[in-house]
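Scroll down for the structure; my scribbles are underneath it.
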2 protein chains.
Amino acid sequence: MSTNTVQRRPGGRSAAVLNSIKVAVEELVREKGRERVTIPMVAERAGVNPTSVYRRWGDLQTMINDIATYRLDPARPIPETGSLKADLTAWANEIVDHYRNPTNAALLRGGAASAGLTESDCTRNRRAEAGMMVERYGATSPVTPDEVLDQLVAPIIYRVIFLPWTLDDSTASNLVDRLFSGR
Amino acid sequence: MSTNTVQRRPGGRSAAVLNSIKVAVEELVREKGRERVTIPMVAERAGVNPTSVYRRWGDLQTMINDIATYRLDPARPIPETGSLKADLTAWANEIVDHYRNPTNAALLRGGAASAGLTESDCTRNRRAEAGMMVERYGATSPVTPDEVLDQLVAPIIYRVIFLPWTLDDSTASNLVDRLFSGR
DNA sequence: CTCCTAAAGCAACTGTGTTTGCGTTAGAGA
DNA sequence: TCTCTAACGCAAACACAGTTGCTTTAGGAG
């Protein structure tokens, strides 16, 4: 061997196993909620030996975080329409659409259970994105980043967690309208 | 026996056991978060046999929901000052104060994990209380119950779950001010 | 095609949460 | 005080998540 790197084997069987596990995790999280999913359960649904899962990821938390490529991409482009109101509407619609997917909603609820000690990815990223959009318009902006969090992000996340059936196509624009009303 | 009702024994020992379990649950939920608490753990801290806990409640979810009498009492009086704004401010302050207690916050996060399928106590009660206050002022009310949920309850609950360190004495009144601004 | 070994499978074992049968303690009415 | 039995304690059995050593399968390089 001419290199000192470990040989990997991402092809064939490993890929098939990975894919069936991913499907099983999505199904089970959606069906039962993240808290009621176990590794043996995932392995059985995937038609795979539990040992394989333990060897690859070690624990359920690590596995789900790694499998969950369906979370909101932190590197995705932030809407830039030239109007703050339109930017916020488009951005809020992305968030609503993302969490109308039951799997994503279940993952958010699971994350909420262990939140509160440190700022989670969810809140930190949303806060950063809100700040970015508002600051584009500088002192002329009628709203602050904190107001965006309190009156736009918070209602959406609250509904995702406790009242997911109230989310619809007009939720985001309604909230933005109220945020800008009287300003 | 002249009655066909089962004899209960709420006094003495049973009350002592119940109380020591209640204390143990509060401590452990605050220390570890609801998700990392188990029944044997509670029983040991309480100096009680785990069997007693299983026999009384069956499972941890039921036990915590039952023990948690420190949650906001649904029968407590709703503020009635004569002004909707003042009512809402007082009411929101109660909620903030309640959830600034780390035990209550941890219980809310735990509840969030299993929410989303049915409307939880938390959301149903808040919605009912908001409706009650707003309806007192009928058609003259500048805000709707849904607006109260979106712009007052949701920001508070969002902060409790994800940003508990941002809750302070002025949080409630700031939110109410923004809710009424421009109306 | 052949060799090497990454990665999966298998099975036995451990630790811990949960159930169950039975004996003991102690609250409440007679 | 006496009796009845609800509620607790105890210990053995059970269920299942997670671990470990070994074997088997199959991807990739030569």
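The chains in the structure tokens are called A, B, ... from first to last as shown; in each chain the residues are counted from 1, and the ligands are counted from 1 in the order shown.
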Non-local contacts of range 127-130 of chain B (12 Å; only C-alpha atoms (C1' of nucleotides); under 6 positions in same chain excluded) as a ChimeraX atom specification: /A:162-163 /B:72-80,84-85,87-89,91-92,95,119-121,136-137,143-154
Which of range 7-145 of chain B DSSP labels helix (DSSP H, G or I), written as a PyMOL selection string: chain B and resi 12-32+34-36+39-46+50-57+60-67+84-100+102-113+121-136+138-140+145
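Going from CA of Arg56 in chain A over to C1' of DA7 in chain C, you cover 9.4 Å.
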How close does chain D get to range 12-30 of chain C? List, as JSON lines, each residue of chain D within 9 Å, its nearest atom pair and the distance in Å to one decimal, counting only C-alpha atoms (C1' of nucleotides).
```
{"residue": "D:DC2", "atom": "C1'", "partner": "C:DA30", "partner_atom": "C1'", "distance": 8.7}
{"residue": "D:DT3", "atom": "C1'", "partner": "C:DA30", "partner_atom": "C1'", "distance": 8.4}
{"residue": "D:DA6", "atom": "C1'", "partner": "C:DG27", "partner_atom": "C1'", "distance": 8.3}
{"residue": "D:DA7", "atom": "C1'", "partner": "C:DT25", "partner_atom": "C1'", "distance": 8.8}
{"residue": "D:DC8", "atom": "C1'", "partner": "C:DT25", "partner_atom": "C1'", "distance": 7.3}
{"residue": "D:DG9", "atom": "C1'", "partner": "C:DT24", "partner_atom": "C1'", "distance": 7.5}
{"residue": "D:DC10", "atom": "C1'", "partner": "C:DG23", "partner_atom": "C1'", "distance": 8.5}
{"residue": "D:DA12", "atom": "C1'", "partner": "C:DT20", "partner_atom": "C1'", "distance": 9.0}
{"residue": "D:DA13", "atom": "C1'", "partner": "C:DT20", "partner_atom": "C1'", "distance": 8.0}
{"residue": "D:DC14", "atom": "C1'", "partner": "C:DT19", "partner_atom": "C1'", "distance": 7.1}
{"residue": "D:DA15", "atom": "C1'", "partner": "C:DT18", "partner_atom": "C1'", "distance": 7.7}
{"residue": "D:DC16", "atom": "C1'", "partner": "C:DG17", "partner_atom": "C1'", "distance": 8.7}
{"residue": "D:DA17", "atom": "C1'", "partner": "C:DT16", "partner_atom": "C1'", "distance": 8.8}
{"residue": "D:DG18", "atom": "C1'", "partner": "C:DG15", "partner_atom": "C1'", "distance": 8.6}
{"residue": "D:DT19", "atom": "C1'", "partner": "C:DT14", "partner_atom": "C1'", "distance": 7.5}
{"residue": "D:DT20", "atom": "C1'", "partner": "C:DC13", "partner_atom": "C1'", "distance": 8.2}
```
Since we have the selection now, will you write its residues out, keeping C-alpha atoms (C1' of nucleotides), as a PDB file, in the first residue's frame?
```pdb
ATOM      1  C1'  DC D   2     -59.890  -5.032  66.994  1.00  0.00           C
ATOM      2  C1'  DT D   3     -60.584  -6.116  62.198  1.00  0.00           C
ATOM      3  C1'  DA D   6     -55.245  -0.541  50.820  1.00  0.00           C
ATOM      4  C1'  DA D   7     -50.841   0.350  49.964  1.00  0.00           C
ATOM      5  C1'  DC D   8     -46.034  -0.622  50.549  1.00  0.00           C
ATOM      6  C1'  DG D   9     -41.674  -3.611  50.524  1.00  0.00           C
ATOM      7  C1'  DC D  10     -39.134  -7.419  48.815  1.00  0.00           C
ATOM      8  C1'  DA D  12     -37.438 -13.399  41.620  1.00  0.00           C
ATOM      9  C1'  DA D  13     -38.531 -13.406  36.901  1.00  0.00           C
ATOM     10  C1'  DC D  14     -38.819 -11.062  32.584  1.00  0.00           C
ATOM     11  C1'  DA D  15     -37.956  -7.926  28.532  1.00  0.00           C
ATOM     12  C1'  DC D  16     -35.093  -5.517  25.933  1.00  0.00           C
ATOM     13  C1'  DA D  17     -31.451  -1.977  24.824  1.00  0.00           C
ATOM     14  C1'  DG D  18     -26.725  -2.054  24.261  1.00  0.00           C
ATOM     15  C1'  DT D  19     -21.835  -4.523  24.136  1.00  0.00           C
ATOM     16  C1'  DT D  20     -18.296  -7.724  22.606  1.00  0.00           C
TER      17       DT D  20
END
```
For Gln61 in chain B: contacts at 12 Å, only C-alpha atoms (C1' of nucleotides), fewer than 6 positions along chain excluded, given as a list of chain:residue names: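 So, after excluding close chain neighbours, the residues are B:Val25, B:Arg34, B:Glu35, B:Val37, B:Thr38, B:Ile39, B:Val53, B:Tyr54, B:Ile67, B:Ala68, B:Leu107, B:Gly110, B:Gly111, B:Ala113, B:Ser114.
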Chain A least-squares fitted onto chain B over all paired C-alpha atoms, as an mmCIF file with C-alpha atoms, in the first residue's frame:
```cif
data_model
loop_
_atom_site.group_PDB
_atom_site.id
_atom_site.type_symbol
_atom_site.label_atom_id
_atom_site.label_comp_id
_atom_site.auth_asym_id
_atom_site.auth_seq_id
_atom_site.Cartn_x
_atom_site.Cartn_y
_atom_site.Cartn_z
ATOM 1 C CA MET A 1 -68.607 -4.039 56.271
ATOM 2 C CA SER A 2 -71.662 -1.918 55.570
ATOM 3 C CA THR A 3 -70.441 -0.250 52.383
ATOM 4 C CA ASN A 4 -69.228 -1.775 49.130
ATOM 5 C CA THR A 5 -66.568 0.883 48.600
ATOM 6 C CA VAL A 6 -62.910 -0.111 48.762
ATOM 7 C CA GLN A 7 -61.135 1.023 51.897
ATOM 8 C CA ARG A 8 -58.433 3.620 51.171
ATOM 9 C CA ARG A 9 -55.516 4.578 53.384
ATOM 10 C CA PRO A 10 -54.284 8.033 52.504
ATOM 11 C CA GLY A 11 -52.631 8.661 55.865
ATOM 12 C CA GLY A 12 -49.258 8.041 57.476
ATOM 13 C CA ARG A 13 -46.866 5.961 55.464
ATOM 14 C CA SER A 14 -48.590 6.318 52.092
ATOM 15 C CA ALA A 15 -48.600 10.090 52.431
ATOM 16 C CA ALA A 16 -44.926 10.097 53.362
ATOM 17 C CA VAL A 17 -44.056 7.955 50.350
ATOM 18 C CA LEU A 18 -46.122 10.133 48.041
ATOM 19 C CA ASN A 19 -44.449 13.260 49.336
ATOM 20 C CA SER A 20 -40.900 11.961 49.036
ATOM 21 C CA ILE A 21 -41.650 10.806 45.481
ATOM 22 C CA LYS A 22 -43.055 14.201 44.589
ATOM 23 C CA VAL A 23 -39.924 15.931 45.870
ATOM 24 C CA ALA A 24 -37.704 13.453 44.011
ATOM 25 C CA VAL A 25 -39.574 13.980 40.731
ATOM 26 C CA GLU A 26 -39.329 17.750 40.975
ATOM 27 C CA GLU A 27 -35.612 17.610 41.711
ATOM 28 C CA LEU A 28 -34.796 15.116 38.982
ATOM 29 C CA VAL A 29 -36.903 16.779 36.287
ATOM 30 C CA ARG A 30 -35.245 20.087 37.081
ATOM 31 C CA GLU A 31 -31.749 18.546 37.142
ATOM 32 C CA LYS A 32 -31.846 16.232 34.155
ATOM 33 C CA GLY A 33 -34.926 17.175 32.116
ATOM 34 C CA ARG A 34 -38.024 15.047 31.894
ATOM 35 C CA GLU A 35 -36.637 12.808 29.168
ATOM 36 C CA ARG A 36 -33.721 11.543 31.232
ATOM 37 C CA VAL A 37 -35.727 10.636 34.316
ATOM 38 C CA THR A 38 -36.646 6.988 34.981
ATOM 39 C CA ILE A 39 -38.809 5.371 37.626
ATOM 40 C CA PRO A 40 -35.961 3.459 39.312
ATOM 41 C CA MET A 41 -34.109 6.760 39.492
ATOM 42 C CA VAL A 42 -37.032 8.499 41.193
ATOM 43 C CA ALA A 43 -37.555 5.588 43.581
ATOM 44 C CA GLU A 44 -33.923 5.554 44.660
ATOM 45 C CA ARG A 45 -33.862 9.314 45.271
ATOM 46 C CA ALA A 46 -37.106 9.025 47.240
ATOM 47 C CA GLY A 47 -35.806 6.097 49.291
ATOM 48 C CA VAL A 48 -38.714 3.969 48.087
ATOM 49 C CA ASN A 49 -38.995 0.643 46.314
ATOM 50 C CA PRO A 50 -39.510 0.999 42.527
ATOM 51 C CA THR A 51 -42.316 -1.546 42.736
ATOM 52 C CA SER A 52 -44.378 0.865 44.783
ATOM 53 C CA VAL A 53 -44.175 3.422 42.003
ATOM 54 C CA TYR A 54 -45.048 0.947 39.272
ATOM 55 C CA ARG A 55 -48.002 -0.350 41.298
ATOM 56 C CA ARG A 56 -49.427 3.115 41.887
ATOM 57 C CA TRP A 57 -49.003 4.764 38.515
ATOM 58 C CA GLY A 58 -47.957 2.119 36.001
ATOM 59 C CA ASP A 59 -45.650 4.358 33.961
ATOM 60 C CA LEU A 60 -43.622 7.522 34.170
ATOM 61 C CA GLN A 61 -45.904 9.626 31.978
ATOM 62 C CA THR A 62 -48.918 8.924 34.197
ATOM 63 C CA MET A 63 -46.921 9.532 37.353
ATOM 64 C CA ILE A 64 -45.526 12.885 36.277
ATOM 65 C CA ASN A 65 -48.899 14.097 35.031
ATOM 66 C CA ASP A 66 -50.454 13.128 38.354
ATOM 67 C CA ILE A 67 -47.667 14.505 40.540
ATOM 68 C CA ALA A 68 -47.427 17.737 38.559
ATOM 69 C CA THR A 69 -49.897 19.803 40.549
ATOM 70 C CA TYR A 70 -47.593 22.757 39.934
ATOM 71 C CA ARG A 71 -48.899 23.240 36.403
ATOM 72 C CA LEU A 72 -50.992 26.329 35.636
ATOM 73 C CA ASP A 73 -54.426 25.793 37.168
ATOM 74 C CA PRO A 74 -57.040 25.886 34.346
ATOM 75 C CA ALA A 75 -59.630 27.117 36.893
ATOM 76 C CA ARG A 76 -57.594 30.067 38.167
ATOM 77 C CA PRO A 77 -59.228 33.497 37.806
ATOM 78 C CA ILE A 78 -58.428 35.406 34.633
ATOM 79 C CA PRO A 79 -57.279 38.998 35.264
ATOM 80 C CA GLU A 80 -60.112 41.525 34.940
ATOM 81 C CA THR A 81 -58.893 45.070 35.411
ATOM 82 C CA GLY A 82 -61.213 46.876 33.022
ATOM 83 C CA SER A 83 -58.455 47.388 30.461
ATOM 84 C CA LEU A 84 -57.558 44.773 27.874
ATOM 85 C CA LYS A 85 -53.939 45.830 27.842
ATOM 86 C CA ALA A 86 -53.653 45.539 31.623
ATOM 87 C CA ASP A 87 -55.498 42.208 31.598
ATOM 88 C CA LEU A 88 -53.105 40.791 29.014
ATOM 89 C CA THR A 89 -50.071 42.115 30.849
ATOM 90 C CA ALA A 90 -51.132 40.528 34.131
ATOM 91 C CA TRP A 91 -52.014 37.284 32.394
ATOM 92 C CA ALA A 92 -48.729 37.131 30.466
ATOM 93 C CA ASN A 93 -46.828 37.844 33.671
ATOM 94 C CA GLU A 94 -48.488 34.834 35.309
ATOM 95 C CA ILE A 95 -47.339 32.635 32.437
ATOM 96 C CA VAL A 96 -43.787 33.999 32.525
ATOM 97 C CA ASP A 97 -43.562 33.577 36.310
ATOM 98 C CA HIS A 98 -44.875 30.045 36.063
ATOM 99 C CA TYR A 99 -42.283 29.002 33.505
ATOM 100 C CA ARG A 100 -39.381 30.762 35.173
ATOM 101 C CA ASN A 101 -39.645 27.867 37.621
ATOM 102 C CA PRO A 102 -37.119 25.399 36.104
ATOM 103 C CA THR A 103 -39.312 22.413 36.926
ATOM 104 C CA ASN A 104 -42.246 23.837 34.990
ATOM 105 C CA ALA A 105 -39.967 24.744 32.091
ATOM 106 C CA ALA A 106 -38.542 21.216 31.970
ATOM 107 C CA LEU A 107 -42.057 19.768 31.964
ATOM 108 C CA LEU A 108 -43.057 22.037 29.084
ATOM 109 C CA ARG A 109 -40.043 20.891 27.064
ATOM 110 C CA GLY A 110 -40.923 17.279 27.763
ATOM 111 C CA GLY A 111 -44.486 17.936 26.645
ATOM 112 C CA ALA A 112 -43.253 19.574 23.446
ATOM 113 C CA ALA A 113 -41.568 16.338 22.444
ATOM 114 C CA SER A 114 -44.892 14.509 22.252
ATOM 115 C CA ALA A 115 -46.986 17.436 20.968
ATOM 116 C CA GLY A 116 -48.120 18.101 17.430
ATOM 117 C CA LEU A 117 -50.596 15.275 17.001
ATOM 118 C CA THR A 118 -53.391 16.627 19.159
ATOM 119 C CA GLU A 119 -53.744 20.080 20.665
ATOM 120 C CA SER A 120 -52.026 19.989 24.055
ATOM 121 C CA ASP A 121 -53.443 21.289 27.329
ATOM 122 C CA CYS A 122 -50.929 24.093 27.156
ATOM 123 C CA THR A 123 -52.076 25.546 23.853
ATOM 124 C CA ARG A 124 -55.787 24.838 24.234
ATOM 125 C CA ASN A 125 -56.000 26.544 27.623
ATOM 126 C CA ARG A 126 -53.939 29.545 26.555
ATOM 127 C CA ARG A 127 -56.068 29.981 23.444
ATOM 128 C CA ALA A 128 -59.300 29.759 25.454
ATOM 129 C CA GLU A 129 -58.097 32.278 28.027
ATOM 130 C CA ALA A 130 -56.941 34.702 25.350
ATOM 131 C CA GLY A 131 -60.296 34.425 23.618
ATOM 132 C CA MET A 132 -62.126 35.099 26.872
ATOM 133 C CA MET A 133 -60.209 38.294 27.589
ATOM 134 C CA VAL A 134 -60.399 39.701 24.072
ATOM 135 C CA GLU A 135 -64.122 38.982 23.726
ATOM 136 C CA ARG A 136 -64.911 40.989 26.851
ATOM 137 C CA TYR A 137 -64.073 44.072 24.845
ATOM 138 C CA GLY A 138 -65.915 42.901 21.746
ATOM 139 C CA ALA A 139 -65.581 44.809 18.502
ATOM 140 C CA THR A 140 -63.650 47.611 20.196
ATOM 141 C CA SER A 141 -60.690 45.280 20.782
ATOM 142 C CA PRO A 142 -57.631 46.297 18.774
ATOM 143 C CA VAL A 143 -56.251 42.743 18.823
ATOM 144 C CA THR A 144 -57.579 39.292 17.924
ATOM 145 C CA PRO A 145 -57.079 36.069 19.922
ATOM 146 C CA ASP A 146 -54.815 34.755 17.164
ATOM 147 C CA GLU A 147 -52.617 37.818 17.431
ATOM 148 C CA VAL A 148 -52.360 37.254 21.188
ATOM 149 C CA LEU A 149 -51.183 33.700 20.552
ATOM 150 C CA ASP A 150 -48.714 34.663 17.823
ATOM 151 C CA GLN A 151 -47.231 37.759 19.406
ATOM 152 C CA LEU A 152 -47.571 37.171 23.132
ATOM 153 C CA VAL A 153 -47.865 33.469 23.962
ATOM 154 C CA ALA A 154 -45.563 32.205 21.204
ATOM 155 C CA PRO A 155 -42.600 34.456 22.099
ATOM 156 C CA ILE A 156 -42.923 33.512 25.760
ATOM 157 C CA ILE A 157 -43.111 29.778 25.103
ATOM 158 C CA TYR A 158 -40.311 29.987 22.543
ATOM 159 C CA ARG A 159 -38.095 31.662 25.105
ATOM 160 C CA VAL A 160 -39.065 29.179 27.824
ATOM 161 C CA ILE A 161 -38.045 26.259 25.620
ATOM 162 C CA PHE A 162 -34.957 27.591 23.862
ATOM 163 C CA LEU A 163 -33.820 30.754 25.673
ATOM 164 C CA PRO A 164 -35.034 30.535 29.290
ATOM 165 C CA TRP A 165 -32.336 32.886 30.570
ATOM 166 C CA THR A 166 -33.874 35.764 28.571
ATOM 167 C CA LEU A 167 -37.068 35.747 30.658
ATOM 168 C CA ASP A 168 -37.261 38.572 33.172
ATOM 169 C CA ASP A 169 -39.762 40.779 34.975
ATOM 170 C CA SER A 170 -40.215 43.062 31.975
ATOM 171 C CA THR A 171 -40.610 40.402 29.278
ATOM 172 C CA ALA A 172 -44.392 40.271 29.466
ATOM 173 C CA SER A 173 -44.995 44.020 29.459
ATOM 174 C CA ASN A 174 -42.492 44.563 26.643
ATOM 175 C CA LEU A 175 -44.313 42.058 24.479
ATOM 176 C CA VAL A 176 -47.707 43.569 25.273
ATOM 177 C CA ASP A 177 -46.365 47.042 24.445
ATOM 178 C CA ARG A 178 -45.239 45.860 21.047
ATOM 179 C CA LEU A 179 -48.535 44.068 20.493
ATOM 180 C CA PHE A 180 -50.411 47.342 21.053
ATOM 181 C CA SER A 181 -47.916 49.669 19.348
ATOM 182 C CA GLY A 182 -49.384 51.413 16.312
ATOM 183 C CA ARG A 183 -52.969 50.371 17.042
#
```
Interface residues on chain D facing chain A, 8 Å, only C-alpha atoms (C1' of nucleotides), written as a VMD selection string: chain D and resid 17 26 to 28
Chain A contacts on chain C, only C-alpha atoms (C1' of nucleotides), 9 Å, as an NGL selection string: :C and (5-10)
